[in-house]
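Encoded as structure tokens, the structure appears first; notes follow it.
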Amino acid sequence: MGTRTIAIANQKGGVGKTTTTLCLADSLRRLGRRTLVVDLDQQANATRTYGVVTDGVATTYDILTGRVADAESAVVSTPSGDIIPGDIAMASVEVEMAGMTCRETVLADSMAGLVADGTYDYVLVDCSPSLGVVTTNALAFAREVIVPVLVDGYSLDGLGKLMRLVEAVRANRRLNPGLKVSGLLVCQREPRQRLTDAYDEQLPALAARYGTRVLGTSIRRCVRVREAQVRDELLSIYAPSCTTAADYDRLALEIEGMANGGRM
């Protein structure tokens, strides 16, 4: 099937982008899939969870600013998996890229060789909440987008803004006309709330309006997730039996099914 490149994105912060990137990558690896994480979030939480110290190490900041041309040289292998680490310097990268030519495709150009050689089955990109040039780079590189959403109106506001950017990237032949939104992923779900029932009724129609669907797997809320984040540990190591870990294992199987003839 070649390398599947998936951006985990939403304009709203706190919806579970990094948790989804980390847990999905971990679940896919435990299924035997070769998986790489690309950390584009200026908070670099994924990088910290993987235990990468970025002093003297090439990061996504170096790739986006042109200091590193070949992304393969920035890959760090850790016990948790392979990652191209992020950097707090990403906070200023939008300004530094302002004068660059072809700045929307820097990531795609840098990753081209790594994807072409088939080293990985999956590349998952943890996106920034900003919808500026960094997220545009992610969307110009990835073939698919998964959008984490919460059961609230604010994350859906972020969805609308993200989808407008997706459409702009698709409309530009130089960027990524084949970009697909593989689905909306409901995170931090609390099944016993009445609001959740109303959300379940409304969200499929909203997804259809944007030409996508709600993924069959949803992610239940579990306090263990926050505890694992505080300890900078993968959820499957800190609390392998928690409901959220089980949900991400199911999500990995659903994503795998898409690659094997399931619905995109």
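Every chain in the structure tokens has a letter given in the order shown (A, B, ...), and although residue numbers restart at 1 in each chain, ligands are simply numbered from 1 in the order shown.
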Distance query Cys242 in chain A at most 10 Å, only C-alpha atoms, self and fewer than 2 positions along chain excluded, as a VMD selection string: chain A and resid 220 to 225 235 to 236 238 to 240 244 to 247
Deliver the residues from the most recent selection as a file, using N, CA and C atoms, as a JSON list (two decimals), in the first residue's frame.
[["chain", "number", "residue", "atom", "x", "y", "z"],
["A", 220, "ARG", "N", -13.03, 7.30, 24.67],
["A", 220, "ARG", "CA", -13.64, 7.65, 25.95],
["A", 220, "ARG", "C", -12.68, 8.42, 26.84],
["A", 221, "ARG", "N", -13.26, 9.26, 27.68],
["A", 221, "ARG", "CA", -12.47, 10.02, 28.65],
["A", 221, "ARG", "C", -11.95, 9.07, 29.74],
["A", 222, "CYS", "N", -10.70, 9.28, 30.14],
["A", 222, "CYS", "CA", -10.12, 8.49, 31.23],
["A", 222, "CYS", "C", -9.07, 9.34, 31.92],
["A", 223, "VAL", "N", -9.12, 9.40, 33.24],
["A", 223, "VAL", "CA", -8.18, 10.23, 34.00],
["A", 223, "VAL", "C", -6.75, 9.75, 33.83],
["A", 224, "ARG", "N", -6.56, 8.50, 33.46],
["A", 224, "ARG", "CA", -5.22, 7.96, 33.28],
["A", 224, "ARG", "C", -4.45, 8.67, 32.17],
["A", 225, "VAL", "N", -5.18, 9.23, 31.21],
["A", 225, "VAL", "CA", -4.53, 9.93, 30.10],
["A", 225, "VAL", "C", -3.75, 11.12, 30.64],
["A", 235, "LEU", "N", 0.61, 6.04, 27.04],
["A", 235, "LEU", "CA", -0.52, 5.52, 27.78],
["A", 235, "LEU", "C", -0.47, 4.00, 27.89],
["A", 236, "SER", "N", -0.03, 3.32, 26.84],
["A", 236, "SER", "CA", 0.00, 1.86, 26.86],
["A", 236, "SER", "C", 1.00, 1.31, 27.86],
["A", 238, "TYR", "N", 1.88, 3.32, 30.79],
["A", 238, "TYR", "CA", 1.43, 3.78, 32.10],
["A", 238, "TYR", "C", 0.15, 3.09, 32.56],
["A", 239, "ALA", "N", -0.80, 2.96, 31.64],
["A", 239, "ALA", "CA", -2.10, 2.37, 32.01],
["A", 239, "ALA", "C", -2.64, 1.55, 30.85],
["A", 240, "PRO", "N", -2.03, 0.40, 30.56],
["A", 240, "PRO", "CA", -2.42, -0.37, 29.37],
["A", 240, "PRO", "C", -3.85, -0.88, 29.38],
["A", 244, "THR", "N", -9.28, 4.35, 27.42],
["A", 244, "THR", "CA", -8.75, 5.14, 26.30],
["A", 244, "THR", "C", -7.73, 4.34, 25.51],
["A", 245, "ALA", "N", -6.86, 3.61, 26.18],
["A", 245, "ALA", "CA", -5.87, 2.79, 25.48],
["A", 245, "ALA", "C", -6.56, 1.75, 24.61],
["A", 246, "ALA", "N", -7.62, 1.12, 25.13],
["A", 246, "ALA", "CA", -8.37, 0.13, 24.35],
["A", 246, "ALA", "C", -9.02, 0.77, 23.14],
["A", 247, "ASP", "N", -9.53, 1.99, 23.31],
["A", 247, "ASP", "CA", -10.17, 2.68, 22.19],
["A", 247, "ASP", "C", -9.17, 2.98, 21.08]]
Arg29 in chain A: which residues within 10 Å, counting only C-alpha atoms, same-chain residues fewer than 5 positions away excluded, as a list in words? Cys23, Leu24, Arg34, Thr35, Leu36, Ser80, Gly81, Asp121, Tyr122 and Ala252 of chain A
Selection above as a file: C-alpha atoms, as a PDB file, in the first residue's frame:
ATOM      1  CA  CYS A  23      -1.540   6.543  21.013  1.00  0.00           C
ATOM      2  CA  LEU A  24      -2.364   5.748  17.390  1.00  0.00           C
ATOM      3  CA  ARG A  34       6.602   0.709  10.940  1.00  0.00           C
ATOM      4  CA  THR A  35       5.496   4.128  12.143  1.00  0.00           C
ATOM      5  CA  LEU A  36       7.104   7.576  12.285  1.00  0.00           C
ATOM      6  CA  SER A  80       8.944   4.366  22.141  1.00  0.00           C
ATOM      7  CA  GLY A  81       9.384   4.555  18.368  1.00  0.00           C
ATOM      8  CA  ASP A 121       4.094   2.091   6.732  1.00  0.00           C
ATOM      9  CA  TYR A 122       2.693   5.197   8.457  1.00  0.00           C
ATOM     10  CA  ALA A 252      -5.679   1.499  14.782  1.00  0.00           C
TER      11      ALA A 252
END
What is the CA of Thr59 in chain A to CA of Leu40 in chain A distance in Å?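 We find that CA of Thr59 in chain A and CA of Leu40 in chain A lie 9.2 Å from each other.
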Counting only C-alpha atoms, what is within 6 Å of range 83-88 of chain A, bar same-chain residues fewer than 5 positions away, as a PyMOL selection string? chain A and resi 36-40+42+44+47+59-60+74-76
Strand (DSSP E or B) residues, from DSSP on the backbone, in range 112-238 of chain A, as an mmCIF file with C-alpha atoms, in the first residue's frame:
data_model
loop_
_atom_site.group_PDB
_atom_site.id
_atom_site.type_symbol
_atom_site.label_atom_id
_atom_site.label_comp_id
_atom_site.auth_asym_id
_atom_site.auth_seq_id
_atom_site.Cartn_x
_atom_site.Cartn_y
_atom_site.Cartn_z
ATOM 1 C CA TYR A 122 2.693 5.197 8.457
ATOM 2 C CA VAL A 123 3.854 8.753 9.033
ATOM 3 C CA LEU A 124 1.672 10.595 11.566
ATOM 4 C CA VAL A 125 1.987 14.376 11.822
ATOM 5 C CA ASP A 126 1.063 16.070 15.103
ATOM 6 C CA GLU A 144 -5.053 12.090 4.753
ATOM 7 C CA VAL A 145 -6.337 14.137 7.692
ATOM 8 C CA ILE A 146 -7.940 12.857 10.890
ATOM 9 C CA VAL A 147 -9.712 15.574 12.876
ATOM 10 C CA PRO A 148 -10.112 15.061 16.648
ATOM 11 C CA VAL A 149 -13.221 16.812 18.013
ATOM 12 C CA LYS A 180 -8.627 13.504 1.932
ATOM 13 C CA VAL A 181 -10.289 14.007 5.283
ATOM 14 C CA SER A 182 -10.509 10.403 6.473
ATOM 15 C CA GLY A 183 -12.857 11.241 9.317
ATOM 16 C CA LEU A 184 -13.759 13.070 12.500
ATOM 17 C CA LEU A 185 -12.593 11.364 15.685
ATOM 18 C CA VAL A 186 -14.701 12.029 18.778
ATOM 19 C CA ARG A 189 -16.367 10.951 25.118
ATOM 20 C CA VAL A 214 -17.468 10.308 11.758
ATOM 21 C CA ARG A 220 -13.644 7.651 25.945
#
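Counting only C-alpha atoms and comparing A:Thr65, A:Asn172, A:Arg4, A:Val151, the residue that lies closest to Val95 in chain A is A:Thr65.
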For range 115-144 of chain A versus range 105-111 of chain A, which residues have an atom no more than 9 Å away, and what is each residue's nearest atom pair and distance in Å rounded to one decimal, using only C-alpha atoms, chain-then-number order, as CSV?
residue,atom,partner,partner_atom,distance
A:Val115,CA,A:Met111,CA,6.2
A:Ala116,CA,A:Met111,CA,8.5
A:Val134,CA,A:Leu107,CA,8.8
A:Thr136,CA,A:Thr105,CA,8.2
A:Asn137,CA,A:Thr105,CA,5.6
A:Ala138,CA,A:Leu107,CA,7.0
A:Ala140,CA,A:Thr105,CA,6.1
A:Phe141,CA,A:Ala108,CA,4.4
A:Ala142,CA,A:Ala108,CA,8.0
Selection above as a file: N, CA and C atoms, as a PDB file, in the first residue's frame:
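Output saved as again32.pdb:
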ATOM      1  N   VAL A 115       9.567   9.070   2.296  1.00  0.00           N
ATOM      2  CA  VAL A 115       8.321   8.393   1.942  1.00  0.00           C
ATOM      3  C   VAL A 115       8.526   7.468   0.748  1.00  0.00           C
ATOM      4  N   ALA A 116       9.290   7.928  -0.205  1.00  0.00           N
ATOM      5  CA  ALA A 116       9.481   7.150  -1.433  1.00  0.00           C
ATOM      6  C   ALA A 116      10.213   5.840  -1.183  1.00  0.00           C
ATOM      7  N   VAL A 134       2.708  26.512   9.075  1.00  0.00           N
ATOM      8  CA  VAL A 134       3.157  25.209   9.576  1.00  0.00           C
ATOM      9  C   VAL A 134       2.107  24.141   9.303  1.00  0.00           C
ATOM     10  N   THR A 136      -0.272  24.370   7.125  1.00  0.00           N
ATOM     11  CA  THR A 136      -0.357  24.258   5.663  1.00  0.00           C
ATOM     12  C   THR A 136       0.695  23.294   5.147  1.00  0.00           C
ATOM     13  N   ASN A 137       1.896  23.347   5.701  1.00  0.00           N
ATOM     14  CA  ASN A 137       2.942  22.387   5.325  1.00  0.00           C
ATOM     15  C   ASN A 137       2.511  20.957   5.614  1.00  0.00           C
ATOM     16  N   ALA A 138       1.884  20.744   6.765  1.00  0.00           N
ATOM     17  CA  ALA A 138       1.419  19.395   7.113  1.00  0.00           C
ATOM     18  C   ALA A 138       0.392  18.902   6.106  1.00  0.00           C
ATOM     19  N   ALA A 140      -0.041  19.976   3.021  1.00  0.00           N
ATOM     20  CA  ALA A 140       0.561  19.826   1.695  1.00  0.00           C
ATOM     21  C   ALA A 140       1.350  18.522   1.596  1.00  0.00           C
ATOM     22  N   PHE A 141       1.790  18.003   2.740  1.00  0.00           N
ATOM     23  CA  PHE A 141       2.554  16.750   2.761  1.00  0.00           C
ATOM     24  C   PHE A 141       1.658  15.522   2.882  1.00  0.00           C
ATOM     25  N   ALA A 142       0.709  15.536   3.814  1.00  0.00           N
ATOM     26  CA  ALA A 142      -0.078  14.346   4.137  1.00  0.00           C
ATOM     27  C   ALA A 142      -1.097  14.031   3.048  1.00  0.00           C
TER      28      ALA A 142
END
Between CA of Glu254 in chain A and CA of Ala171 in chain A, what distance in Å does the model show, to one decimal?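 Going from CA of Glu254 in chain A over to CA of Ala171 in chain A, I get 28.5 Å.
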Between A:Thr5, A:Thr212, A:Ser92, A:Ser218, which is the closest to Met163 in chain A once you count only C-alpha atoms?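 Residue with the minimum atom-to-atom distance to Met163 in chain A: A:Thr212.
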Counting only C-alpha atoms, the residue of A:Arg209, A:Lys17, A:Arg226, A:Arg103 that sits nearest Asp41 in chain A: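 Checking each of A:Arg209, A:Lys17, A:Arg226, A:Arg103 against Asp41 in chain A, counting only C-alpha atoms, the winner is A:Lys17.
CA of Arg67 in chain A lies 11.8 Å from CA of Glu96 in chain A.
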Of the residues A:Cys187, A:Leu31, A:Leu206, A:Ala91, which is the one nearest to Pro129 in chain A, using only C-alpha atoms?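 With only C-alpha atoms as the atom set, the closest residue is A:Ala91.
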DSSP on the backbone: what in range 106-161 of chain A comes out helix (DSSP H, G or I), as a PyMOL selection string? chain A and resi 106-116+133-141+153-161
